[in-house]
Amino acid sequence: MMKKLISLLIFFKSFMLLSQEYHFRLYYQKKEDTISVLMDNNDPYPYSFEFFDEPKGANMRSLRELFSSKFAIEGNTSGLILAKFVPLDAKKPFTIKDVSFFKVKKIFFKVVVGNIWKTDYDENYVYDLPYAKKEKFLLYQGYDGNETHQGQNALDFSMPIGTEVLAAREGYVIELKQDSNTGCPEKKCVNQGNFIKIIHPDGTIAEYYHLKMNSSKVKFGDKVEKGQTIAVSGNTGWSSRPHLHFMCYLPKPKGKNISIKTLFRIDNGDKAKFLNPGNAYKRNY
């Protein structure tokens with residue numbers, strides 16, 4: 001068997017202090033008279049791709065029903081077949097053309113962490129309150145709040161700067177920012193908020209916003225356990241007072257994410273409910 005691999009390791013720099021490494025690989029494999037284009041995803045969470053080009057063959061025809069310009073690859077997946085080619089004339093040389101599809105320098109696709117075509121999730125999952133045992137905080141803005149949550153299923157907990165923020169659910173860190181010391185009550189500061197985003201096993205993503213500068217206890221790619229301290233609260237970004245902003249969403253194309261309501265364990269942990277603004281919630285578990 002003759003085998004040829006071309007691998008791409010993609011480095012994506014976001015607005016943060018760390019580089020984010022996406023561990024997927026795009027390559028082709030030649031076996032007898034068939035060439036397959038494949039992808040591996042060595043990360044434990046899915047990616048969504050949109051390709052602007054497609055593999056092409058010299059003296060080959062594509063089995064086009066296999067290739068899709070838009071697809072998701074699940075975590076820990078090897079050998080996902082994107083396309084297959086067979087020769088037009090097996091008596092003549094045939095190969096995959098070295099076109100932009102396999103070139104790092106040309107931007108030929110978009111990638112998003114998560115499956116942006118996923119519509120189902122665990123609606124009955126019960127989250128932990130995102131702070132420590134014996135703490136009690138007022139929820140001053142809830143779902144579709146009239147301050148900054150119009151059209152968003154997000155929650156704002158009044159919280160003194162320096163309060164420990166705990167993961168409400170297990171998952172992996174897919175994005176974070178912690179280099180800002182700026183906050184103001186105007187929208188112009190919206191991009192100055194420090195945050196951590198964690199993808200969950202059902203594909204939903206939780207974001208924890210307005211964190212204190214350089215307070216992250218986790219880094220990109222880390223596996224996070226439920227109840228683990230991930231940072232401390234702050235007052236960065238678009239914020240009129242020190243607080244923690246929490247929102248859970250399904251990722252969607254072009255950033256049009258769908259925020260979702262989430263159940264929380266309250267009191268001693270034996271009750272689960274949707275939180276309402278104007279109430280203070282104590283964590284006794």
# chains A, B, ... in the order shown; residues from 1 in each chain; ligands from 1
$ select_by_dssp --residues "segment 22-265 of chain A" --states "helix (DSSP H, G or I)" --output "PyMOL selection string"
chain A and resi 64-66+100-102+187-192+253-255
$ write_last_selection --atoms "N, CA, C and O atoms" --output "PDB file, in the first residue's frame"
ATOM      1  N   ARG A  64     -18.536  12.646  -5.550  1.00  0.00           N
ATOM      2  CA  ARG A  64     -18.911  13.904  -4.919  1.00  0.00           C
ATOM      3  C   ARG A  64     -19.903  13.756  -3.769  1.00  0.00           C
ATOM      4  O   ARG A  64     -20.047  14.647  -2.933  1.00  0.00           O
ATOM      5  N   GLU A  65     -20.597  12.630  -3.743  1.00  0.00           N
ATOM      6  CA  GLU A  65     -21.577  12.484  -2.672  1.00  0.00           C
ATOM      7  C   GLU A  65     -20.920  12.426  -1.294  1.00  0.00           C
ATOM      8  O   GLU A  65     -21.554  12.596  -0.271  1.00  0.00           O
ATOM      9  N   LEU A  66     -19.588  12.203  -1.251  1.00  0.00           N
ATOM     10  CA  LEU A  66     -18.891  12.138   0.025  1.00  0.00           C
ATOM     11  C   LEU A  66     -18.450  13.509   0.532  1.00  0.00           C
ATOM     12  O   LEU A  66     -18.292  13.707   1.724  1.00  0.00           O
ATOM     13  N   SER A 100      -4.956  24.732  -3.249  1.00  0.00           N
ATOM     14  CA  SER A 100      -5.102  25.488  -2.007  1.00  0.00           C
ATOM     15  C   SER A 100      -5.767  24.673  -0.903  1.00  0.00           C
ATOM     16  O   SER A 100      -5.637  24.987   0.275  1.00  0.00           O
ATOM     17  N   PHE A 101      -6.478  23.634  -1.258  1.00  0.00           N
ATOM     18  CA  PHE A 101      -7.126  22.808  -0.244  1.00  0.00           C
ATOM     19  C   PHE A 101      -6.123  22.259   0.758  1.00  0.00           C
ATOM     20  O   PHE A 101      -6.456  22.043   1.921  1.00  0.00           O
ATOM     21  N   PHE A 102      -4.889  22.051   0.344  1.00  0.00           N
ATOM     22  CA  PHE A 102      -3.874  21.509   1.229  1.00  0.00           C
ATOM     23  C   PHE A 102      -2.775  22.524   1.573  1.00  0.00           C
ATOM     24  O   PHE A 102      -1.711  22.143   2.022  1.00  0.00           O
ATOM     25  N   LYS A 187     -21.441  50.442  26.506  1.00  0.00           N
ATOM     26  CA  LYS A 187     -21.233  49.354  25.556  1.00  0.00           C
ATOM     27  C   LYS A 187     -19.842  49.399  24.925  1.00  0.00           C
ATOM     28  O   LYS A 187     -19.343  48.366  24.457  1.00  0.00           O
ATOM     29  N   LYS A 188     -19.196  50.550  24.923  1.00  0.00           N
ATOM     30  CA  LYS A 188     -17.873  50.670  24.313  1.00  0.00           C
ATOM     31  C   LYS A 188     -16.841  49.778  25.014  1.00  0.00           C
ATOM     32  O   LYS A 188     -15.780  49.482  24.455  1.00  0.00           O
ATOM     33  N   CYS A 189     -17.155  49.332  26.231  1.00  0.00           N
ATOM     34  CA  CYS A 189     -16.227  48.477  26.981  1.00  0.00           C
ATOM     35  C   CYS A 189     -16.518  46.994  26.813  1.00  0.00           C
ATOM     36  O   CYS A 189     -15.872  46.157  27.473  1.00  0.00           O
ATOM     37  N   VAL A 190     -17.458  46.657  25.935  1.00  0.00           N
ATOM     38  CA  VAL A 190     -17.911  45.275  25.851  1.00  0.00           C
ATOM     39  C   VAL A 190     -16.777  44.297  25.551  1.00  0.00           C
ATOM     40  O   VAL A 190     -16.762  43.163  26.050  1.00  0.00           O
ATOM     41  N   ASN A 191     -15.804  44.707  24.750  1.00  0.00           N
ATOM     42  CA  ASN A 191     -14.710  43.794  24.380  1.00  0.00           C
ATOM     43  C   ASN A 191     -13.582  43.756  25.408  1.00  0.00           C
ATOM     44  O   ASN A 191     -12.577  43.078  25.198  1.00  0.00           O
ATOM     45  N   GLN A 192     -13.740  44.476  26.509  1.00  0.00           N
ATOM     46  CA  GLN A 192     -12.706  44.513  27.540  1.00  0.00           C
ATOM     47  C   GLN A 192     -12.973  43.530  28.680  1.00  0.00           C
ATOM     48  O   GLN A 192     -12.206  43.448  29.623  1.00  0.00           O
ATOM     49  N   PRO A 253     -23.864  29.268  13.431  1.00  0.00           N
ATOM     50  CA  PRO A 253     -23.067  29.983  12.425  1.00  0.00           C
ATOM     51  C   PRO A 253     -23.117  31.492  12.621  1.00  0.00           C
ATOM     52  O   PRO A 253     -24.114  32.048  13.095  1.00  0.00           O
ATOM     53  N   LYS A 254     -22.007  32.137  12.263  1.00  0.00           N
ATOM     54  CA  LYS A 254     -21.874  33.588  12.284  1.00  0.00           C
ATOM     55  C   LYS A 254     -22.112  34.182  13.672  1.00  0.00           C
ATOM     56  O   LYS A 254     -22.513  35.340  13.806  1.00  0.00           O
ATOM     57  N   GLY A 255     -21.856  33.388  14.697  1.00  0.00           N
ATOM     58  CA  GLY A 255     -21.971  33.895  16.055  1.00  0.00           C
ATOM     59  C   GLY A 255     -23.382  34.109  16.546  1.00  0.00           C
ATOM     60  O   GLY A 255     -23.594  34.684  17.625  1.00  0.00           O
TER      61      GLY A 255
END
$ residues_around --residues "segment 111-118 of chain A" --least-positions-apart "4" --cutoff "9 Å" --atoms "only C-alpha atoms" --output "CSV table (one decimal) with all heavy atoms, in the first residue's frame"
chain,number,residue,atom,x,y,z
A,22,TYR,N,-5.5,24.3,17.8
A,22,TYR,CA,-6.6,23.4,17.3
A,22,TYR,C,-5.9,22.1,16.8
A,22,TYR,O,-5.2,22.2,15.8
A,22,TYR,CB,-7.4,24.0,16.2
A,22,TYR,CG,-8.3,25.2,16.6
A,22,TYR,CD1,-8.9,26.0,15.7
A,22,TYR,CD2,-8.5,25.4,18.0
A,22,TYR,CE1,-9.8,27.0,16.1
A,22,TYR,CE2,-9.3,26.5,18.4
A,22,TYR,CZ,-10.0,27.2,17.4
A,22,TYR,OH,-10.8,28.3,17.8
A,45,TYR,N,-13.4,17.6,21.9
A,45,TYR,CA,-14.7,18.2,21.6
A,45,TYR,C,-14.8,18.5,20.1
A,45,TYR,O,-13.8,18.4,19.4
A,45,TYR,CB,-14.8,19.6,22.3
A,45,TYR,CG,-13.5,20.3,22.4
A,45,TYR,CD1,-13.0,21.1,21.4
A,45,TYR,CD2,-12.7,20.2,23.6
A,45,TYR,CE1,-11.8,21.8,21.5
A,45,TYR,CE2,-11.5,20.9,23.7
A,45,TYR,CZ,-11.0,21.7,22.6
A,45,TYR,OH,-9.8,22.3,22.7
A,46,PRO,N,-16.0,18.7,19.6
A,46,PRO,CA,-16.1,18.8,18.1
A,46,PRO,C,-15.7,20.2,17.5
A,46,PRO,O,-15.6,21.2,18.3
A,46,PRO,CB,-17.7,18.6,17.9
A,46,PRO,CG,-18.3,19.1,19.2
A,46,PRO,CD,-17.3,18.8,20.3
A,47,TYR,N,-15.5,20.2,16.2
A,47,TYR,CA,-15.3,21.4,15.5
A,47,TYR,C,-16.3,21.4,14.3
A,47,TYR,O,-16.7,20.4,13.8
A,47,TYR,CB,-13.9,21.4,14.9
A,47,TYR,CG,-12.8,21.6,15.9
A,47,TYR,CD1,-11.9,20.5,16.2
A,47,TYR,CD2,-12.5,22.8,16.5
A,47,TYR,CE1,-10.9,20.7,17.1
A,47,TYR,CE2,-11.5,23.0,17.4
A,47,TYR,CZ,-10.7,21.9,17.7
A,47,TYR,OH,-9.6,22.1,18.6
A,48,SER,N,-16.6,22.6,13.9
A,48,SER,CA,-17.5,22.8,12.7
A,48,SER,C,-16.6,23.5,11.6
A,48,SER,O,-15.9,24.5,11.9
A,48,SER,CB,-18.7,23.6,13.0
A,48,SER,OG,-19.5,23.0,13.9
A,49,PHE,N,-16.7,23.0,10.4
A,49,PHE,CA,-15.9,23.5,9.3
A,49,PHE,C,-16.8,24.0,8.1
A,49,PHE,O,-17.8,23.4,7.9
A,49,PHE,CB,-15.0,22.4,8.7
A,49,PHE,CG,-13.8,22.1,9.6
A,49,PHE,CD1,-13.9,21.1,10.6
A,49,PHE,CD2,-12.6,22.8,9.5
A,49,PHE,CE1,-12.9,20.8,11.4
A,49,PHE,CE2,-11.5,22.5,10.3
A,49,PHE,CZ,-11.7,21.5,11.3
A,50,GLU,N,-16.3,25.1,7.5
A,50,GLU,CA,-16.9,25.5,6.2
A,50,GLU,C,-15.8,25.7,5.3
A,50,GLU,O,-14.9,26.6,5.5
A,50,GLU,CB,-17.7,26.8,6.4
A,50,GLU,CG,-18.3,27.3,5.1
A,50,GLU,CD,-19.1,28.6,5.2
A,50,GLU,OE1,-19.2,29.1,6.4
A,50,GLU,OE2,-19.6,29.1,4.2
A,51,PHE,N,-15.7,24.9,4.2
A,51,PHE,CA,-14.6,25.0,3.2
A,51,PHE,C,-15.0,25.9,2.1
A,51,PHE,O,-16.1,25.9,1.6
A,51,PHE,CB,-14.3,23.6,2.7
A,51,PHE,CG,-13.4,22.8,3.7
A,51,PHE,CD1,-14.0,22.0,4.6
A,51,PHE,CD2,-12.0,22.9,3.6
A,51,PHE,CE1,-13.2,21.3,5.5
A,51,PHE,CE2,-11.2,22.1,4.4
A,51,PHE,CZ,-11.8,21.3,5.4
A,71,PHE,N,-19.5,20.8,7.5
A,71,PHE,CA,-19.6,19.6,8.3
A,71,PHE,C,-19.0,19.8,9.7
A,71,PHE,O,-18.3,20.7,10.0
A,71,PHE,CB,-18.9,18.4,7.6
A,71,PHE,CG,-17.4,18.5,7.6
A,71,PHE,CD1,-16.7,17.9,8.6
A,71,PHE,CD2,-16.8,19.2,6.6
A,71,PHE,CE1,-15.3,18.0,8.5
A,71,PHE,CE2,-15.4,19.3,6.5
A,71,PHE,CZ,-14.7,18.7,7.5
A,72,ALA,N,-19.4,18.9,10.6
A,72,ALA,CA,-18.8,18.9,11.9
A,72,ALA,C,-18.1,17.5,12.1
A,72,ALA,O,-18.5,16.5,11.7
A,72,ALA,CB,-19.9,19.0,13.0
A,73,ILE,N,-17.0,17.6,12.8
A,73,ILE,CA,-16.2,16.4,13.2
A,73,ILE,C,-16.2,16.3,14.7
A,73,ILE,O,-15.9,17.3,15.4
A,73,ILE,CB,-14.8,16.5,12.6
A,73,ILE,CG1,-14.0,15.2,13.0
A,73,ILE,CG2,-14.0,17.7,13.0
A,73,ILE,CD1,-12.7,15.0,12.3
A,74,GLU,N,-16.6,15.2,15.2
A,74,GLU,CA,-16.7,15.0,16.6
A,74,GLU,C,-15.4,14.8,17.3
A,74,GLU,O,-14.4,14.6,16.6
A,74,GLU,CB,-17.6,13.8,17.0
A,74,GLU,CG,-19.0,13.9,16.5
A,74,GLU,CD,-19.7,15.1,17.2
A,74,GLU,OE1,-19.5,15.3,18.4
A,74,GLU,OE2,-20.5,15.8,16.5
A,174,ILE,N,-12.4,26.2,26.1
A,174,ILE,CA,-12.2,26.4,24.6
A,174,ILE,C,-11.8,27.9,24.3
A,174,ILE,O,-11.4,28.2,23.2
A,174,ILE,CB,-13.5,26.0,23.8
A,174,ILE,CG1,-14.7,26.9,24.3
A,174,ILE,CG2,-13.7,24.6,23.9
A,174,ILE,CD1,-15.9,26.7,23.4
A,199,ILE,N,-16.9,24.2,27.1
A,199,ILE,CA,-17.8,23.3,26.3
A,199,ILE,C,-18.2,22.1,27.1
A,199,ILE,O,-17.3,21.5,27.7
A,199,ILE,CB,-17.3,23.0,24.9
A,199,ILE,CG1,-18.4,22.3,24.0
A,199,ILE,CG2,-16.0,22.1,25.0
A,199,ILE,CD1,-18.0,22.2,22.6
A,203,GLY,N,-22.5,19.4,24.2
A,203,GLY,CA,-22.3,20.4,23.1
A,203,GLY,C,-22.6,21.8,23.5
A,203,GLY,O,-22.4,22.7,22.7
A,204,THR,N,-23.3,22.0,24.6
A,204,THR,CA,-23.5,23.4,25.0
A,204,THR,C,-22.3,24.0,25.5
A,204,THR,O,-21.3,23.4,25.9
A,204,THR,CB,-24.6,23.4,26.1
A,204,THR,OG1,-24.2,22.6,27.2
A,204,THR,CG2,-26.0,22.9,25.6
A,205,ILE,N,-22.3,25.4,25.6
A,205,ILE,CA,-21.1,26.1,26.0
A,205,ILE,C,-21.5,27.1,27.1
A,205,ILE,O,-22.5,27.8,26.9
A,205,ILE,CB,-20.4,26.9,24.9
A,205,ILE,CG1,-19.9,25.9,23.8
A,205,ILE,CG2,-19.3,27.8,25.3
A,205,ILE,CD1,-19.4,26.5,22.5
A,250,LEU,N,-26.0,27.2,22.7
A,250,LEU,CA,-25.7,26.3,21.6
A,250,LEU,C,-25.0,27.1,20.6
A,250,LEU,O,-25.5,28.2,20.1
A,250,LEU,CB,-26.9,25.6,21.0
A,250,LEU,CG,-27.5,24.4,21.8
A,250,LEU,CD1,-28.9,24.1,21.2
A,250,LEU,CD2,-26.6,23.2,21.7
A,251,PRO,N,-23.8,26.8,20.1
A,251,PRO,CA,-23.1,27.5,19.1
A,251,PRO,C,-23.8,27.5,17.8
A,251,PRO,O,-24.2,26.4,17.4
A,251,PRO,CB,-21.7,26.9,19.1
A,251,PRO,CG,-21.9,25.5,19.5
A,251,PRO,CD,-23.0,25.6,20.5
A,252,LYS,N,-23.8,28.6,17.1
A,252,LYS,CA,-24.5,28.6,15.8
A,252,LYS,C,-23.6,29.4,14.8
A,252,LYS,O,-22.7,30.1,15.1
A,252,LYS,CB,-25.8,29.3,15.9
A,252,LYS,CG,-26.9,28.4,16.6
A,252,LYS,CD,-27.1,27.1,15.9
A,252,LYS,CE,-27.9,26.1,16.8
A,252,LYS,NZ,-28.0,24.8,16.2
A,253,PRO,N,-23.9,29.3,13.4
A,253,PRO,CA,-23.1,30.0,12.4
A,253,PRO,C,-23.1,31.5,12.6
A,253,PRO,O,-24.1,32.0,13.1
A,253,PRO,CB,-23.7,29.6,11.1
A,253,PRO,CG,-24.4,28.3,11.4
A,253,PRO,CD,-24.9,28.4,12.8
A,257,ASN,N,-25.5,32.6,18.3
A,257,ASN,CA,-25.7,31.5,19.2
A,257,ASN,C,-27.1,31.6,19.9
A,257,ASN,O,-27.7,32.7,20.0
A,257,ASN,CB,-24.6,31.6,20.3
A,257,ASN,CG,-23.2,31.6,19.7
A,257,ASN,OD1,-22.9,30.9,18.8
A,257,ASN,ND2,-22.3,32.4,20.3
$ atom_distance --atom1 "atom CA of Tyr172 of chain A" --atom2 "atom CA of Ile196 of chain A"
10.3 Å
$ closest_atom_pairs --of "segment 110-143 of chain A" --to "segment 271-281 of chain A" --cutoff "8 Å" --atoms "only C-alpha atoms" --output "JSON lines"
{"residue": "A:Val126", "atom": "CA", "partner": "A:Ala272", "partner_atom": "CA", "distance": 6.6}
{"residue": "A:Lys136", "atom": "CA", "partner": "A:Tyr281", "partner_atom": "CA", "distance": 5.3}
{"residue": "A:Phe137", "atom": "CA", "partner": "A:Ala280", "partner_atom": "CA", "distance": 5.1}
{"residue": "A:Leu138", "atom": "CA", "partner": "A:Ala280", "partner_atom": "CA", "distance": 3.9}
{"residue": "A:Leu139", "atom": "CA", "partner": "A:Pro277", "partner_atom": "CA", "distance": 4.9}
{"residue": "A:Tyr140", "atom": "CA", "partner": "A:Pro277", "partner_atom": "CA", "distance": 5.1}
{"residue": "A:Gln141", "atom": "CA", "partner": "A:Pro277", "partner_atom": "CA", "distance": 5.2}
{"residue": "A:Gly142", "atom": "CA", "partner": "A:Pro277", "partner_atom": "CA", "distance": 5.1}
$ residues_around --residues "Asn153 of chain A" --least-positions-apart "6" --cutoff "8 Å" --atoms "only C-alpha atoms" --output "PyMOL selection string"
chain A and resi 142-144+247-248+259-261
$ write_last_selection --atoms "C-alpha atoms" --output "PDB file, in the first residue's frame"
ATOM      1  CA  GLY A 142     -32.152  37.340  34.801  1.00  0.00           C
ATOM      2  CA  TYR A 143     -33.332  35.974  31.479  1.00  0.00           C
ATOM      3  CA  ASP A 144     -34.279  38.660  28.945  1.00  0.00           C
ATOM      4  CA  MET A 247     -24.817  32.229  30.099  1.00  0.00           C
ATOM      5  CA  CYS A 248     -25.161  28.832  28.451  1.00  0.00           C
ATOM      6  CA  SER A 259     -28.821  30.991  24.618  1.00  0.00           C
ATOM      7  CA  ILE A 260     -30.690  28.499  26.768  1.00  0.00           C
ATOM      8  CA  LYS A 261     -32.275  28.470  30.206  1.00  0.00           C
TER       9      LYS A 261
END
$ select_by_dssp --residues "segment 132-265 of chain A" --states "strand (DSSP E or B)" --output "count of residues only"
60
$ atom_distance --atom1 "atom CA of Lys70 of chain A" --atom2 "atom CA of Leu82 of chain A"
10.3 Å
$ closest_residue --among "A:His245, A:Lys133, A:His210, A:Lys223" --to "Val173 of chain A" --atoms "only C-alpha atoms"
A:Lys223
$ closest_residue --among "A:Asp202, A:Asp53, A:Glu164, A:Asp89" --to "Asn124 of chain A" --atoms "only C-alpha atoms"
A:Asp202
$ atom_distance --atom1 "atom CA of Gly79 of chain A" --atom2 "atom CA of Met39 of chain A"
5.6 Å
$ closest_residue --among "A:Phe52, A:Phe85, A:Trp238, A:Phe67" --to "Ile35 of chain A" --atoms "only C-alpha atoms"
A:Phe85
$ residues_around --residues "Gly269 of chain A" --least-positions-apart "3" --cutoff "9 Å" --atoms "only C-alpha atoms" --output "list in words"
Asp128, Phe264, Arg265, Ile266, Ala272, Arg283, Asn284 and Tyr285 of chain A
$ write_last_selection --atoms "all heavy atoms" --output "mmCIF file, in the first residue's frame"
data_model
loop_
_atom_site.group_PDB
_atom_site.id
_atom_site.type_symbol
_atom_site.label_atom_id
_atom_site.label_comp_id
_atom_site.auth_asym_id
_atom_site.auth_seq_id
_atom_site.Cartn_x
_atom_site.Cartn_y
_atom_site.Cartn_z
ATOM 1 N N ASP A 128 -24.648 23.382 38.962
ATOM 2 C CA ASP A 128 -24.326 23.909 40.282
ATOM 3 C C ASP A 128 -24.260 25.429 40.218
ATOM 4 O O ASP A 128 -23.881 25.990 39.174
ATOM 5 C CB ASP A 128 -22.970 23.386 40.757
ATOM 6 C CG ASP A 128 -23.042 21.969 41.293
ATOM 7 O OD1 ASP A 128 -24.154 21.384 41.314
ATOM 8 O OD2 ASP A 128 -21.983 21.441 41.698
ATOM 9 N N PHE A 264 -30.690 25.032 38.101
ATOM 10 C CA PHE A 264 -29.611 25.072 39.091
ATOM 11 C C PHE A 264 -30.033 24.378 40.375
ATOM 12 O O PHE A 264 -31.187 24.467 40.801
ATOM 13 C CB PHE A 264 -29.227 26.517 39.422
ATOM 14 C CG PHE A 264 -28.367 27.174 38.389
ATOM 15 C CD1 PHE A 264 -28.944 27.853 37.335
ATOM 16 C CD2 PHE A 264 -26.980 27.120 38.469
ATOM 17 C CE1 PHE A 264 -28.159 28.466 36.377
ATOM 18 C CE2 PHE A 264 -26.190 27.720 37.519
ATOM 19 C CZ PHE A 264 -26.780 28.397 36.459
ATOM 20 N N ARG A 265 -29.050 23.726 40.990
ATOM 21 C CA ARG A 265 -29.257 23.210 42.339
ATOM 22 C C ARG A 265 -29.169 24.363 43.322
ATOM 23 O O ARG A 265 -28.229 25.168 43.251
ATOM 24 C CB ARG A 265 -28.192 22.169 42.693
ATOM 25 C CG ARG A 265 -28.336 20.864 41.963
ATOM 26 C CD ARG A 265 -27.636 19.741 42.717
ATOM 27 N NE ARG A 265 -26.189 19.963 42.831
ATOM 28 C CZ ARG A 265 -25.420 19.371 43.746
ATOM 29 N NH1 ARG A 265 -25.955 18.573 44.643
ATOM 30 N NH2 ARG A 265 -24.118 19.598 43.756
ATOM 31 N N ILE A 266 -30.129 24.455 44.249
ATOM 32 C CA ILE A 266 -30.118 25.526 45.239
ATOM 33 C C ILE A 266 -30.220 24.924 46.637
ATOM 34 O O ILE A 266 -30.395 23.721 46.802
ATOM 35 C CB ILE A 266 -31.260 26.538 44.998
ATOM 36 C CG1 ILE A 266 -32.613 25.836 45.103
ATOM 37 C CG2 ILE A 266 -31.104 27.196 43.639
ATOM 38 C CD1 ILE A 266 -33.788 26.818 45.123
ATOM 39 N N ALA A 272 -34.025 21.764 42.363
ATOM 40 C CA ALA A 272 -33.560 22.272 41.073
ATOM 41 C C ALA A 272 -34.607 23.214 40.518
ATOM 42 O O ALA A 272 -35.792 22.871 40.464
ATOM 43 C CB ALA A 272 -33.316 21.125 40.103
ATOM 44 N N ARG A 283 -25.696 28.669 48.481
ATOM 45 C CA ARG A 283 -25.227 27.329 48.147
ATOM 46 C C ARG A 283 -24.798 26.627 49.427
ATOM 47 O O ARG A 283 -23.814 27.032 50.062
ATOM 48 C CB ARG A 283 -24.065 27.411 47.154
ATOM 49 C CG ARG A 283 -23.479 26.054 46.823
ATOM 50 C CD ARG A 283 -22.481 26.119 45.695
ATOM 51 N NE ARG A 283 -21.854 24.830 45.479
ATOM 52 C CZ ARG A 283 -21.118 24.510 44.419
ATOM 53 N NH1 ARG A 283 -20.947 25.391 43.446
ATOM 54 N NH2 ARG A 283 -20.577 23.319 44.312
ATOM 55 N N ASN A 284 -25.517 25.588 49.805
ATOM 56 C CA ASN A 284 -25.199 24.815 51.014
ATOM 57 C C ASN A 284 -24.684 23.421 50.680
ATOM 58 O O ASN A 284 -24.765 22.514 51.510
ATOM 59 C CB ASN A 284 -26.437 24.697 51.901
ATOM 60 C CG ASN A 284 -26.771 26.003 52.588
ATOM 61 O OD1 ASN A 284 -25.870 26.746 52.992
ATOM 62 N ND2 ASN A 284 -28.043 26.313 52.721
ATOM 63 N N TYR A 285 -24.171 23.239 49.486
ATOM 64 C CA TYR A 285 -23.664 21.922 49.102
ATOM 65 C C TYR A 285 -22.262 22.038 48.528
ATOM 66 O O TYR A 285 -21.783 23.112 48.246
ATOM 67 C CB TYR A 285 -24.586 21.264 48.069
ATOM 68 C CG TYR A 285 -24.858 22.098 46.833
ATOM 69 C CD1 TYR A 285 -24.014 22.053 45.736
ATOM 70 C CD2 TYR A 285 -25.967 22.955 46.783
ATOM 71 C CE1 TYR A 285 -24.255 22.819 44.592
ATOM 72 C CE2 TYR A 285 -26.217 23.713 45.665
ATOM 73 C CZ TYR A 285 -25.375 23.647 44.579
ATOM 74 O OH TYR A 285 -25.621 24.432 43.469
#
$ closest_residue --among "A:Leu263, A:His200, A:Phe246, A:Pro55" --to "Gln152 of chain A" --atoms "only C-alpha atoms"
A:Phe246
$ residues_around --residues "segment 215-219 of chain A" --least-positions-apart "4" --cutoff "10 Å" --atoms "only C-alpha atoms" --output "count of residues only"
26
